[in-house]
Structure formats: structure tokens, C-alpha cells
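Participant: So I've got this file, data-v3.pdb, and it contains PDB, C-alpha atoms and all ligand atoms:
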ATOM      1  CA  MET A   1     -15.740  26.147  -1.980
ATOM      2  CA  VAL A   2     -15.165  22.606  -3.153
ATOM      3  CA  TYR A   3     -18.182  21.466  -1.160
ATOM      4  CA  SER A   4     -20.517  23.962  -2.745
ATOM      5  CA  LEU A   5     -19.230  22.968  -6.168
ATOM      6  CA  PHE A   6     -19.811  19.371  -5.245
ATOM      7  CA  PHE A   7     -23.406  19.918  -4.182
ATOM      8  CA  ARG A   8     -24.224  22.022  -7.196
ATOM      9  CA  THR A   9     -22.902  19.191  -9.298
ATOM     10  CA  ILE A  10     -25.004  16.469  -7.763
ATOM     11  CA  ASN A  11     -28.074  18.691  -7.486
ATOM     12  CA  ASN A  12     -28.775  17.709 -11.018
ATOM     13  CA  VAL A  13     -30.803  14.484 -10.997
ATOM     14  CA  GLU A  14     -29.397  13.294 -14.294
ATOM     15  CA  GLU A  15     -25.938  13.597 -12.829
ATOM     16  CA  LEU A  16     -27.015  11.483  -9.877
ATOM     17  CA  ASP A  17     -28.310   8.817 -12.249
ATOM     18  CA  LYS A  18     -24.943   8.848 -13.970
ATOM     19  CA  TYR A  19     -23.121   8.246 -10.673
ATOM     20  CA  ILE A  20     -25.439   5.390  -9.745
ATOM     21  CA  GLU A  21     -24.866   3.874 -13.171
ATOM     22  CA  ILE A  22     -21.069   4.104 -12.700
ATOM     23  CA  LEU A  23     -21.394   2.626  -9.214
ATOM     24  CA  THR A  24     -23.350  -0.430 -10.319
ATOM     25  CA  SER A  25     -21.406  -1.108 -13.506
ATOM     26  CA  SER A  26     -18.102  -0.757 -11.690
ATOM     27  CA  PHE A  27     -19.293  -3.128  -8.981
ATOM     28  CA  THR A  28     -20.433  -5.839 -11.392
ATOM     29  CA  GLY A  29     -17.459  -5.121 -13.660
ATOM     30  CA  TYR A  30     -14.988  -5.822 -10.865
ATOM     31  CA  GLY A  31     -16.832  -9.004  -9.843
ATOM     32  CA  HIS A  32     -16.627 -10.179 -13.422
ATOM     33  CA  TYR A  33     -12.919  -9.244 -13.615
ATOM     34  CA  LEU A  34     -12.075 -11.168 -10.438
ATOM     35  CA  PHE A  35     -13.960 -14.240 -11.639
ATOM     36  CA  GLN A  36     -12.027 -14.121 -14.932
ATOM     37  CA  GLU A  37      -8.712 -13.694 -13.110
ATOM     38  CA  ILE A  38      -9.283 -16.829 -11.060
ATOM     39  CA  THR A  39     -10.728 -19.004 -13.808
ATOM     40  CA  GLN A  40      -8.387 -17.948 -16.616
ATOM     41  CA  PRO A  41      -4.693 -18.074 -15.690
ATOM     42  CA  SER A  42      -2.507 -15.961 -17.982
ATOM     43  CA  TRP A  43       0.714 -13.917 -17.946
ATOM     44  CA  HIS A  44      -1.335 -10.781 -17.484
ATOM     45  CA  ASN A  45      -3.104 -11.904 -14.377
ATOM     46  CA  TYR A  46      -2.621 -10.342 -10.913
ATOM     47  CA  PHE A  47      -4.164 -13.236  -9.050
ATOM     48  CA  TYR A  48      -1.656 -15.817 -10.256
ATOM     49  CA  TRP A  49       1.302 -13.422 -10.121
ATOM     50  CA  LEU A  50       0.474 -12.718  -6.476
ATOM     51  CA  ILE A  51       0.187 -16.431  -5.707
ATOM     52  CA  GLY A  52       3.347 -17.263  -7.727
ATOM     53  CA  LEU A  53       5.527 -14.520  -6.184
ATOM     54  CA  SER A  54       4.270 -15.445  -2.710
ATOM     55  CA  LEU A  55       5.192 -19.101  -3.217
ATOM     56  CA  MET A  56       8.594 -18.139  -4.622
ATOM     57  CA  VAL A  57       9.540 -15.883  -1.695
ATOM     58  CA  TRP A  58       8.106 -18.394   0.790
ATOM     59  CA  VAL A  59      10.259 -21.180  -0.674
ATOM     60  CA  ILE A  60      13.392 -18.984  -0.374
ATOM     61  CA  GLU A  61      12.429 -18.247   3.259
ATOM     62  CA  ILE A  62      12.178 -21.983   3.914
ATOM     63  CA  ILE A  63      15.480 -22.837   2.196
ATOM     64  CA  ILE A  64      17.624 -19.975   3.551
ATOM     65  CA  PRO A  65      15.775 -18.430   6.512
ATOM     66  CA  TRP A  66      17.361 -15.386   8.147
ATOM     67  CA  VAL A  67      15.950 -16.310  11.575
ATOM     68  CA  ASP A  68      15.655 -20.086  11.787
ATOM     69  CA  ARG A  69      12.328 -20.707  13.517
ATOM     70  CA  GLY A  70      12.186 -24.383  12.623
ATOM     71  CA  THR A  71       8.815 -23.970  10.911
ATOM     72  CA  ALA A  72       7.547 -22.687   7.578
ATOM     73  CA  PHE A  73       4.466 -21.261   9.318
ATOM     74  CA  ARG A  74       5.541 -18.281  11.402
ATOM     75  CA  LYS A  75       3.297 -16.490  13.899
ATOM     76  CA  ASP A  76       0.275 -14.945  12.094
ATOM     77  CA  PHE A  77       1.030 -16.691   8.782
ATOM     78  CA  TRP A  78      -2.657 -17.338   8.082
ATOM     79  CA  LEU A  79      -3.835 -13.991   9.432
ATOM     80  CA  ASP A  80      -1.492 -12.248   6.993
ATOM     81  CA  GLY A  81      -2.548 -14.606   4.199
ATOM     82  CA  PHE A  82      -6.104 -13.431   4.801
ATOM     83  CA  TYR A  83      -5.038  -9.762   4.741
ATOM     84  CA  MET A  84      -3.155 -10.357   1.492
ATOM     85  CA  ILE A  85      -6.187 -11.723  -0.345
ATOM     86  CA  PHE A  86      -8.575  -9.242   1.251
ATOM     87  CA  ASN A  87      -6.498  -6.108   0.647
ATOM     88  CA  PHE A  88      -5.481  -7.087  -2.856
ATOM     89  CA  PHE A  89      -8.816  -8.330  -4.176
ATOM     90  CA  ILE A  90     -11.801  -8.454  -1.861
ATOM     91  CA  PHE A  91     -11.746  -4.857  -0.641
ATOM     92  CA  SER A  92     -12.053  -3.708  -4.239
ATOM     93  CA  LEU A  93     -14.855  -6.180  -4.799
ATOM     94  CA  VAL A  94     -16.910  -5.061  -1.819
ATOM     95  CA  GLY A  95     -17.058  -1.539  -3.049
ATOM     96  CA  TYR A  96     -13.784   0.340  -3.086
ATOM     97  CA  ASN A  97     -13.514   0.188  -6.853
ATOM     98  CA  ALA A  98     -17.065   1.324  -7.365
ATOM     99  CA  ILE A  99     -16.788   4.184  -4.885
ATOM    100  CA  SER A 100     -13.457   5.364  -6.265
ATOM    101  CA  ASP A 101     -14.813   5.339  -9.845
ATOM    102  CA  VAL A 102     -17.661   7.565  -8.703
ATOM    103  CA  ALA A 103     -15.275   9.828  -6.757
ATOM    104  CA  VAL A 104     -13.080  10.253  -9.852
ATOM    105  CA  GLU A 105     -16.076  11.126 -12.013
ATOM    106  CA  MET A 106     -17.293  13.662  -9.442
ATOM    107  CA  PHE A 107     -13.814  15.136  -9.196
ATOM    108  CA  ASN A 108     -13.675  15.552 -12.977
ATOM    109  CA  ASP A 109     -17.139  17.102 -12.989
ATOM    110  CA  VAL A 110     -16.054  19.585 -10.335
ATOM    111  CA  LEU A 111     -12.987  20.433 -12.433
ATOM    112  CA  ALA A 112     -15.157  20.861 -15.527
ATOM    113  CA  TRP A 113     -17.546  23.073 -13.599
ATOM    114  CA  GLY A 114     -14.594  25.199 -12.578
ATOM    115  CA  GLY A 115     -13.615  25.490 -16.251
ATOM    116  CA  MET A 116     -10.721  22.999 -16.176
ATOM    117  CA  GLU A 117     -10.554  20.003 -18.410
ATOM    118  CA  ASN A 118      -7.948  18.081 -16.462
ATOM    119  CA  LEU A 119      -4.978  18.516 -14.156
ATOM    120  CA  VAL A 120      -2.296  17.402 -16.573
ATOM    121  CA  ALA A 121       0.852  19.476 -16.040
ATOM    122  CA  VAL A 122       3.282  17.224 -17.907
ATOM    123  CA  GLU A 123       1.910  14.955 -20.606
ATOM    124  CA  ILE A 124       4.167  11.908 -20.617
ATOM    125  CA  GLY A 125       1.815   9.732 -22.682
ATOM    126  CA  SER A 126       3.836  10.485 -25.820
ATOM    127  CA  TRP A 127       7.177   9.397 -24.308
ATOM    128  CA  PRO A 128       8.772   6.003 -25.069
ATOM    129  CA  VAL A 129       6.922   3.409 -23.051
ATOM    130  CA  VAL A 130       9.914   2.360 -20.906
ATOM    131  CA  LEU A 131      10.452   5.982 -19.930
ATOM    132  CA  GLN A 132       6.771   6.230 -19.011
ATOM    133  CA  TRP A 133       7.096   3.145 -16.799
ATOM    134  CA  LEU A 134      10.193   4.499 -15.087
ATOM    135  CA  THR A 135       8.686   7.944 -14.534
ATOM    136  CA  MET A 136       5.505   6.440 -13.188
ATOM    137  CA  PHE A 137       7.444   4.087 -10.915
ATOM    138  CA  VAL A 138       9.709   6.810  -9.476
ATOM    139  CA  VAL A 139       6.912   9.363  -9.016
ATOM    140  CA  VAL A 140       4.550   6.875  -7.369
ATOM    141  CA  ASP A 141       7.315   5.554  -5.130
ATOM    142  CA  PHE A 142       8.253   9.057  -3.964
ATOM    143  CA  VAL A 143       4.642  10.055  -3.323
ATOM    144  CA  GLN A 144       4.063   6.830  -1.386
ATOM    145  CA  TRP A 145       7.236   7.383   0.651
ATOM    146  CA  PHE A 146       5.813  10.768   1.644
ATOM    147  CA  ILE A 147       2.335   9.374   2.431
ATOM    148  CA  HIS A 148       3.982   6.690   4.566
ATOM    149  CA  ILE A 149       5.617   9.442   6.656
ATOM    150  CA  LEU A 150       2.184  11.058   7.101
ATOM    151  CA  LEU A 151       0.835   7.700   8.342
ATOM    152  CA  HIS A 152       3.465   7.874  11.086
ATOM    153  CA  ARG A 153       3.278  11.597  11.881
ATOM    154  CA  ILE A 154      -0.500  12.216  11.940
ATOM    155  CA  PRO A 155      -1.987  10.548  15.044
ATOM    156  CA  PHE A 156      -5.341   9.776  13.368
ATOM    157  CA  LEU A 157      -3.564   7.998  10.480
ATOM    158  CA  TRP A 158      -1.119   6.223  12.792
ATOM    159  CA  GLU A 159      -4.070   4.461  14.471
ATOM    160  CA  PHE A 160      -4.733   2.750  11.110
ATOM    161  CA  HIS A 161      -1.076   2.145  10.307
ATOM    162  CA  LYS A 162      -0.472   0.415  13.665
ATOM    163  CA  LEU A 163      -1.945  -2.740  12.158
ATOM    164  CA  HIS A 164       1.021  -3.020   9.784
ATOM    165  CA  HIS A 165       3.404  -2.433  12.688
ATOM    166  CA  SER A 166       1.765  -5.117  14.827
ATOM    167  CA  VAL A 167       3.861  -7.695  12.918
ATOM    168  CA  LYS A 168       6.049  -9.498  15.464
ATOM    169  CA  GLU A 169       7.807 -11.932  13.101
ATOM    170  CA  MET A 170       8.740 -11.107   9.522
ATOM    171  CA  GLY A 171       7.484 -13.174   6.599
ATOM    172  CA  PHE A 172       6.473 -12.275   3.012
ATOM    173  CA  ALA A 173       2.727 -11.962   3.712
ATOM    174  CA  ALA A 174       3.338  -9.308   6.394
ATOM    175  CA  HIS A 175       3.682  -7.031   3.354
ATOM    176  CA  PHE A 176      -0.093  -7.024   3.002
ATOM    177  CA  ARG A 177      -0.991  -6.785   6.685
ATOM    178  CA  PHE A 178      -2.522  -3.331   6.735
ATOM    179  CA  HIS A 179      -5.871  -1.711   7.421
ATOM    180  CA  TRP A 180      -8.091  -1.271   4.310
ATOM    181  CA  MET A 181      -8.286   2.409   5.201
ATOM    182  CA  GLU A 182      -4.634   2.687   4.060
ATOM    183  CA  ILE A 183      -5.798   1.878   0.523
ATOM    184  CA  VAL A 184      -8.243   4.775   0.699
ATOM    185  CA  VAL A 185      -5.573   7.123   2.112
ATOM    186  CA  TYR A 186      -2.878   6.198  -0.432
ATOM    187  CA  LYS A 187      -5.163   6.226  -3.470
ATOM    188  CA  THR A 188      -6.785   9.506  -2.491
ATOM    189  CA  LEU A 189      -3.565  11.366  -1.701
ATOM    190  CA  GLN A 190      -1.684  10.083  -4.744
ATOM    191  CA  TYR A 191      -4.537  10.773  -7.153
ATOM    192  CA  ILE A 192      -3.780  14.457  -7.772
ATOM    193  CA  PRO A 193       0.030  14.148  -8.221
ATOM    194  CA  LEU A 194      -0.521  11.274 -10.663
ATOM    195  CA  ALA A 195      -3.281  13.090 -12.527
ATOM    196  CA  MET A 196      -0.771  15.901 -13.046
ATOM    197  CA  ILE A 197       1.371  13.624 -15.174
ATOM    198  CA  GLY A 198      -1.694  12.406 -16.997
ATOM    199  CA  PHE A 199      -2.112   9.012 -15.366
ATOM    200  CA  GLY A 200      -5.281   9.072 -13.280
ATOM    201  CA  ILE A 201      -5.835   5.800 -11.496
ATOM    202  CA  GLN A 202      -4.696   3.377 -14.172
ATOM    203  CA  ASP A 203      -1.478   1.509 -13.480
ATOM    204  CA  PHE A 204       1.114  -0.454 -15.333
ATOM    205  CA  PHE A 205       1.020  -4.182 -14.840
ATOM    206  CA  ILE A 206       4.773  -4.772 -14.956
ATOM    207  CA  ILE A 207       5.506  -2.055 -12.376
ATOM    208  CA  HIS A 208       2.840  -3.345 -10.077
ATOM    209  CA  VAL A 209       4.221  -6.892 -10.253
ATOM    210  CA  PHE A 210       7.737  -5.581  -9.551
ATOM    211  CA  THR A 211       6.557  -3.599  -6.504
ATOM    212  CA  ILE A 212       4.761  -6.683  -5.164
ATOM    213  CA  LEU A 213       8.007  -8.669  -5.433
ATOM    214  CA  VAL A 214      10.130  -5.974  -3.737
ATOM    215  CA  GLY A 215       7.497  -5.492  -1.003
ATOM    216  CA  HIS A 216       7.297  -9.247  -0.356
ATOM    217  CA  LEU A 217      11.097  -9.426  -0.106
ATOM    218  CA  ASN A 218      11.228  -6.381   2.223
ATOM    219  CA  HIS A 219       9.029  -8.262   4.691
ATOM    220  CA  SER A 220      10.543 -11.691   4.144
ATOM    221  CA  ASN A 221      12.625 -13.675   6.596
ATOM    222  CA  ILE A 222      15.616 -13.498   4.251
ATOM    223  CA  GLY A 223      18.861 -11.734   5.228
ATOM    224  CA  TRP A 224      19.466  -9.874   1.964
ATOM    225  CA  ASP A 225      20.410  -6.293   1.164
ATOM    226  CA  TYR A 226      21.480  -6.591  -2.527
ATOM    227  CA  GLY A 227      25.037  -5.291  -1.898
ATOM    228  CA  PRO A 228      25.690  -1.853  -3.425
ATOM    229  CA  PHE A 229      22.096  -1.737  -4.730
ATOM    230  CA  LYS A 230      20.884  -1.295  -1.151
ATOM    231  CA  TYR A 231      21.184   2.470  -1.620
ATOM    232  CA  LEU A 232      18.704   2.271  -4.449
ATOM    233  CA  LEU A 233      16.366  -0.593  -3.593
ATOM    234  CA  ASN A 234      14.601  -1.151  -0.309
ATOM    235  CA  ASN A 235      15.531  -4.534   1.191
ATOM    236  CA  PRO A 236      14.819  -6.882   4.125
ATOM    237  CA  LYS A 237      17.825  -5.708   6.164
ATOM    238  CA  MET A 238      16.629  -2.110   5.857
ATOM    239  CA  HIS A 239      12.882  -2.566   6.208
ATOM    240  CA  ILE A 240      13.227  -4.616   9.387
ATOM    241  CA  TRP A 241      14.391  -1.417  11.106
ATOM    242  CA  HIS A 242      11.190   0.258   9.930
ATOM    243  CA  HIS A 243       9.435  -2.347  12.080
ATOM    244  CA  ALA A 244      11.770  -1.959  15.102
ATOM    245  CA  LYS A 245       9.865  -1.576  18.357
ATOM    246  CA  ILE A 246      12.448   0.750  19.871
ATOM    247  CA  LEU A 247      13.981   3.607  17.879
ATOM    248  CA  PRO A 248      16.251   6.445  19.052
ATOM    249  CA  TYR A 249      14.724   9.861  19.796
ATOM    250  CA  GLU A 250      15.752  11.414  16.466
ATOM    251  CA  HIS A 251      13.756   8.686  14.687
ATOM    252  CA  ARG A 252      10.820   8.698  17.123
ATOM    253  CA  TYR A 253       8.358   9.055  14.232
ATOM    254  CA  GLY A 254       9.975   6.160  12.373
ATOM    255  CA  ALA A 255      12.758   5.487   9.880
ATOM    256  CA  ASN A 256      13.199   3.782   6.491
ATOM    257  CA  PHE A 257       9.828   4.786   5.036
ATOM    258  CA  GLY A 258      10.678   3.644   1.498
ATOM    259  CA  GLN A 259       8.399   1.320  -0.454
ATOM    260  CA  SER A 260      10.408  -0.081  -3.377
ATOM    261  CA  LEU A 261      13.199   2.503  -3.435
ATOM    262  CA  SER A 262      15.486   3.204  -0.472
ATOM    263  CA  ILE A 263      16.999   6.266  -2.081
ATOM    264  CA  TRP A 264      14.455   8.742  -0.613
ATOM    265  CA  ASP A 265      15.450   7.751   2.918
ATOM    266  CA  TYR A 266      19.112   8.322   2.113
ATOM    267  CA  ILE A 267      18.429  11.667   0.420
ATOM    268  CA  PHE A 268      16.154  12.990   3.169
ATOM    269  CA  LYS A 269      18.115  11.499   6.069
ATOM    270  CA  THR A 270      15.393   9.162   7.291
ATOM    271  CA  ALA A 271      17.527   6.046   6.763
ATOM    272  CA  TYR A 272      18.513   4.127   9.902
ATOM    273  CA  ILE A 273      20.398   0.819   9.971
ATOM    274  CA  PRO A 274      22.611   0.921  13.096
ATOM    275  CA  LYS A 275      23.508  -2.798  13.013
ATOM    276  CA  ASP A 276      22.286  -6.168  11.755
ATOM    277  CA  GLY A 277      18.597  -6.194  12.661
ATOM    278  CA  LYS A 278      18.170  -9.971  12.563
ATOM    279  CA  ASN A 279      17.193 -10.367  16.229
ATOM    280  CA  ILE A 280      15.645  -7.017  17.130
ATOM    281  CA  GLU A 281      12.184  -6.852  18.665
ATOM    282  CA  LEU A 282       9.493  -5.837  16.179
ATOM    283  CA  GLY A 283       6.308  -3.898  16.889
ATOM    284  CA  PHE A 284       5.581  -0.520  18.482
ATOM    285  CA  PRO A 285       5.571   0.728  22.072
ATOM    286  CA  GLY A 286       2.315  -0.497  23.641
ATOM    287  CA  ASP A 287       1.707  -3.294  21.127
ATOM    288  CA  GLU A 288       1.021  -5.707  24.025
ATOM    289  CA  GLU A 289      -2.435  -4.086  24.177
ATOM    290  CA  TYR A 290      -3.073  -4.333  20.444
ATOM    291  CA  PRO A 291      -6.008  -6.637  19.490
ATOM    292  CA  GLN A 292      -5.339  -9.987  17.797
ATOM    293  CA  GLY A 293      -8.253 -10.777  15.449
ATOM    294  CA  VAL A 294      -9.199  -9.163  12.137
ATOM    295  CA  LYS A 295     -12.516  -7.669  13.314
ATOM    296  CA  LYS A 296     -11.008  -5.997  16.377
ATOM    297  CA  GLN A 297      -8.028  -4.781  14.349
ATOM    298  CA  TRP A 298     -10.351  -3.194  11.776
ATOM    299  CA  LEU A 299     -12.466  -1.510  14.460
ATOM    300  CA  ALA A 300      -9.616  -0.394  16.745
ATOM    301  CA  PRO A 301      -8.862   2.990  15.071
ATOM    302  CA  PHE A 302     -12.532   3.978  14.993
ATOM    303  CA  ILE A 303     -13.087   3.061  18.640
ATOM    304  CA  LYS A 304      -9.929   4.928  19.609
ATOM    305  CA  SER A 305     -10.974   8.116  17.787
ATOM    306  CA  SER A 306     -14.527   8.078  19.199
ATOM    307  CA  LYS A 307     -13.030   7.644  22.691
ATOM    308  CA  SER A 308     -10.591  10.507  22.294
ATOM    309  CA  SER A 309     -13.294  12.841  20.942
ATOM    310  CA  ASN A 310     -15.395  12.304  24.071
TER     311      ASN A 310
HETATM  312 ZN    ZN A 401       5.220   2.275   8.684
HETATM  313 ZN    ZN A 402       6.468  -3.043   6.478
END
Show the structure stored in the file as C-alpha cells.

Facilitator:
Amino acid sequence: MVYSLFFRTINNVEELDKYIEILTSSFTGYGHYLFQEITQPSWHNYFYWLIGLSLMVWVIEIIIPWVDRGTAFRKDFWLDGFYMIFNFFIFSLVGYNAISDVAVEMFNDVLAWGGMENLVAVEIGSWPVVLQWLTMFVVVDFVQWFIHILLHRIPFLWEFHKLHHSVKEMGFAAHFRFHWMEIVVYKTLQYIPLAMIGFGIQDFFIIHVFTILVGHLNHSNIGWDYGPFKYLLNNPKMHIWHHAKILPYEHRYGANFGQSLSIWDYIFKTAYIPKDGKNIELGFPGDEEYPQGVKKQWLAPFIKSSKSSN
């Protein structure tokens, strides 16, 4: 049904021209944006916030390390640094932004063809701005918690998510060690729930910066849990158990799936912190076989799925 709608939509040559136009302008637009970000530091600038927050958490790791490794450069420090820059900026530059802009336009055209203007179920655009931020933050965090469970439960998705779980030593940049396909999965699956509250793909700067900070801290080598706030906010002492190599049978598909908030894991009984996780082994069963370099790590899920389909 959706497919036939889709092909009817792009059958029209003018429509195709429109998509190509969006593709090229989005591509050059993002290149221009990234250049501006790097050359013009400002308070509203992701590039320098990412660098600044990374330096801040790194300095705390050096001053009060949880596990004292005697070095500021843990295993895979530079590999994860590469993933951080690639997943945050370069992947968008090499086409994700352009393709997702086209996908959104096609999706809207399909809706329009079906007689719907948009998917908005609750219009929160007229609410006070702080309430909008909070709603957005809580809804996105819940949806991402759920998508994270899917990454663990669906074998095809787990092959991509393994890259994040190949971290053997925690450190802030491990936050961004994940396969670029995860960006596609998260953005695609969260698009409809967010469109229902009238948000589409735009995001709020301040929320995004906050989630980067919490995510960096979750993966940092810092023994913090924020005291009573641990039931609300995800934290290093909780997230380390998400990365535990060995989990009990009842948590065989994983535990502590929260992104910024820990509350979902407590509500839905997926929280698991049996003891201080400072010295537990990280990884996943069979990670000894997992490839080391970026290229092999990117290709691994595709090779695996073509093998298993033979
Ligand atoms: Zn995970
Ligand atoms: Zn993690």
C-alpha cells in the first residue's frame, strides 16, 4: 500500500526534480553549515560545545579516575575520537542529511496523497517554551529507550549495535562509538512519534547539549551516580552494567537501556546494578572475534547478514 503510494508519487517527473533539488541543496547546505560551525565559534555552536564538553569530562576523568589506569589515553581513545567526529558531523555531511530531507518530503507527499496534512496529534507548539523542551526531552528519551531495547532484541539490529558494546574500557568518547546505521535506525523510528507532537526532525539546541553531557558522563571513567538523582538520571555507575560482558539469564537481552533518564529502567524493571561495577569485564560474549578497525567494524554486520542468508 505504502509502496504503491510511493511510486505513484515519484512517477511524476516534476516531483522527481523537486527531490533532486532538495537533495543537492541539503547537501551543500550542510557543508556550508559545518564550515560555519568550525570557523565561527559561538554559544550556539554544536562543534565547540562537543569539543568543550569532551575536554571537560576528560579533565575530570584525569583528575578523579574511577579506574586508575595511569594514563589519560585509554584503549581505543583515538578510535572513539574518530567515531565521535564522524557520527556527529561527517555522516551528515556525506549524505545522511540530504537523504533524510528527501525521505521526509516523500513521507509528507505520501500523507498528502492519502488526504492527510500532517500527523500532529497533540500540538505543543503553543505551550510555554520550557514545557515544550521538557516534553520533547522526555518523549524523545522514552522513544530512544525503547529503540535501544529493539537494538538488543532484534538480531539484525544487534549486529550493528555490537560496535557500541565492543568498548572494553570506559571513557567519555565511547559514548559516540556506534555504527552509523544506528543514526538511521533511531531517526527513522523516532520520526513518527515526534511528528505526532508536531516536531518533525528539528531539535532543541539546549536539550541536545544536555544529552551530550549526560551521555559523555555515562561512558566516562568517573565513579558517580548523583546520589538520590540516580533514579531519575542515567549515570556512570548504572551504564557500566549496560556494558557488562556477563549478565544473568533474566537480563540476557541486556539491562539499563536508558539514554539520559534512568527512570524507564526502574519503571519497566530493566534496571540492574547488583554491585559496584568498577572492575567488571566489559563487552559481549564472543567479542574476542570482533574486528578492530573502523572499516571492518562498519562492514561486519553486512557480511554477517549475507552469510546467514546463504
Ligand atoms: Zn546497548
Ligand atoms: Zn553505552

Participant: Using all atoms listed in the file, pick whichever of A:Lys237, A:Arg252, A:Lys304, A:His164 has the shortest atom-to-atom distance to ligand ZN 402 (chain A).

Facilitator: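 For ligand ZN 402 (chain A), the nearest of the given residues is A:His164.
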
Participant: Using atom CA of A:Ile267 and atom CA of A:Phe160 as the two end points, give the distance in Å to one decimal.

Facilitator: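 So the answer is 27.0 Å.
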
Participant: So what does the PyMOL selection byres (((not hetatm)) within 10 of (chain A and resi 402)) actually pick up in this one, as a list of chain:residue names?

Facilitator: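 When the PyMOL selection byres (((not hetatm)) within 10 of (chain A and resi 402)) is applied, the selected residues are A:His161, A:His164, A:His165, A:Ser166, A:Val167, A:Met170, A:Phe172, A:Ala174, A:His175, A:Phe176, A:Arg177, A:Phe178, A:Gly215, A:His216, A:Asn218, A:His219, A:Ser220, A:Pro236, A:His239, A:Ile240, A:Trp241, A:His242, A:His243, A:Asn256, A:Phe257, A:Gly258, A:Gln259.
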
Participant: Considering only C-alpha atoms, state which residue in the set A:Asn108, A:Gln40, A:Gln132, A:Thr24 is at the smallest distance from A:Tyr191.

Facilitator: A:Asn108

Participant: The PyMOL selection byres (((chain A and resi 286) around 12) and not hetatm) - which residues does that actually catch in the file I just gave you? List them as number ranges by chain.

Facilitator: A: 162, 165-166, 245-246, 282-285, 287-291

Participant: Print the selection's residues with C-alpha atoms to a file, as a PDB file, keeping the file's coordinate frame.

Facilitator:
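Saved as out_31.pdb:
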ATOM      1  CA  LYS A 162      -0.472   0.415  13.665  1.00  0.00           C
ATOM      2  CA  HIS A 165       3.404  -2.433  12.688  1.00  0.00           C
ATOM      3  CA  SER A 166       1.765  -5.117  14.827  1.00  0.00           C
ATOM      4  CA  LYS A 245       9.865  -1.576  18.357  1.00  0.00           C
ATOM      5  CA  ILE A 246      12.448   0.750  19.871  1.00  0.00           C
ATOM      6  CA  LEU A 282       9.493  -5.837  16.179  1.00  0.00           C
ATOM      7  CA  GLY A 283       6.308  -3.898  16.889  1.00  0.00           C
ATOM      8  CA  PHE A 284       5.581  -0.520  18.482  1.00  0.00           C
ATOM      9  CA  PRO A 285       5.571   0.728  22.072  1.00  0.00           C
ATOM     10  CA  ASP A 287       1.707  -3.294  21.127  1.00  0.00           C
ATOM     11  CA  GLU A 288       1.021  -5.707  24.025  1.00  0.00           C
ATOM     12  CA  GLU A 289      -2.435  -4.086  24.177  1.00  0.00           C
ATOM     13  CA  TYR A 290      -3.073  -4.333  20.444  1.00  0.00           C
ATOM     14  CA  PRO A 291      -6.008  -6.637  19.490  1.00  0.00           C
TER      15      PRO A 291
END

Participant: Export stretch 34-45 of chain A from the structure block above, keeping N, CA, C and O atoms, as a PDB file, in the first residue's frame.

Facilitator:
ATOM      1  N   LEU A  34      28.537  23.247   8.307  1.00  0.00           N
ATOM      2  CA  LEU A  34      29.678  22.690   9.043  1.00  0.00           C
ATOM      3  C   LEU A  34      30.883  23.627   8.972  1.00  0.00           C
ATOM      4  O   LEU A  34      31.574  23.853   9.969  1.00  0.00           O
ATOM      5  N   PHE A  35      31.092  24.210   7.795  1.00  0.00           N
ATOM      6  CA  PHE A  35      32.200  25.152   7.626  1.00  0.00           C
ATOM      7  C   PHE A  35      32.018  26.341   8.573  1.00  0.00           C
ATOM      8  O   PHE A  35      32.948  26.765   9.260  1.00  0.00           O
ATOM      9  N   GLN A  36      30.789  26.849   8.628  1.00  0.00           N
ATOM     10  CA  GLN A  36      30.482  27.984   9.527  1.00  0.00           C
ATOM     11  C   GLN A  36      30.712  27.610  10.987  1.00  0.00           C
ATOM     12  O   GLN A  36      31.232  28.398  11.762  1.00  0.00           O
ATOM     13  N   GLU A  37      30.269  26.399  11.354  1.00  0.00           N
ATOM     14  CA  GLU A  37      30.413  25.948  12.742  1.00  0.00           C
ATOM     15  C   GLU A  37      31.876  25.993  13.171  1.00  0.00           C
ATOM     16  O   GLU A  37      32.204  26.417  14.275  1.00  0.00           O
ATOM     17  N   ILE A  38      32.747  25.505  12.259  1.00  0.00           N
ATOM     18  CA  ILE A  38      34.160  25.393  12.627  1.00  0.00           C
ATOM     19  C   ILE A  38      34.845  26.756  12.604  1.00  0.00           C
ATOM     20  O   ILE A  38      35.669  27.064  13.462  1.00  0.00           O
ATOM     21  N   THR A  39      34.472  27.592  11.651  1.00  0.00           N
ATOM     22  CA  THR A  39      35.178  28.872  11.517  1.00  0.00           C
ATOM     23  C   THR A  39      34.597  29.970  12.393  1.00  0.00           C
ATOM     24  O   THR A  39      35.249  30.984  12.619  1.00  0.00           O
ATOM     25  N   GLN A  40      33.373  29.793  12.885  1.00  0.00           N
ATOM     26  CA  GLN A  40      32.761  30.857  13.686  1.00  0.00           C
ATOM     27  C   GLN A  40      32.277  30.343  15.038  1.00  0.00           C
ATOM     28  O   GLN A  40      31.109  29.988  15.192  1.00  0.00           O
ATOM     29  N   PRO A  41      33.187  30.291  16.028  1.00  0.00           N
ATOM     30  CA  PRO A  41      32.771  29.837  17.357  1.00  0.00           C
ATOM     31  C   PRO A  41      31.673  30.745  17.926  1.00  0.00           C
ATOM     32  O   PRO A  41      31.734  31.961  17.750  1.00  0.00           O
ATOM     33  N   SER A  42      30.664  30.131  18.545  1.00  0.00           N
ATOM     34  CA  SER A  42      29.635  30.930  19.218  1.00  0.00           C
ATOM     35  C   SER A  42      28.963  30.051  20.270  1.00  0.00           C
ATOM     36  O   SER A  42      29.232  28.853  20.351  1.00  0.00           O
ATOM     37  N   TRP A  43      28.074  30.638  21.070  1.00  0.00           N
ATOM     38  CA  TRP A  43      27.384  29.868  22.109  1.00  0.00           C
ATOM     39  C   TRP A  43      26.369  28.914  21.508  1.00  0.00           C
ATOM     40  O   TRP A  43      25.889  28.017  22.175  1.00  0.00           O
ATOM     41  N   HIS A  44      26.022  29.142  20.262  1.00  0.00           N
ATOM     42  CA  HIS A  44      25.016  28.294  19.627  1.00  0.00           C
ATOM     43  C   HIS A  44      25.691  27.455  18.562  1.00  0.00           C
ATOM     44  O   HIS A  44      25.349  27.513  17.388  1.00  0.00           O
ATOM     45  N   ASN A  45      26.679  26.692  18.992  1.00  0.00           N
ATOM     46  CA  ASN A  45      27.541  26.029  18.034  1.00  0.00           C
ATOM     47  C   ASN A  45      27.855  24.615  18.516  1.00  0.00           C
ATOM     48  O   ASN A  45      28.561  24.429  19.507  1.00  0.00           O
TER      49      ASN A  45
END
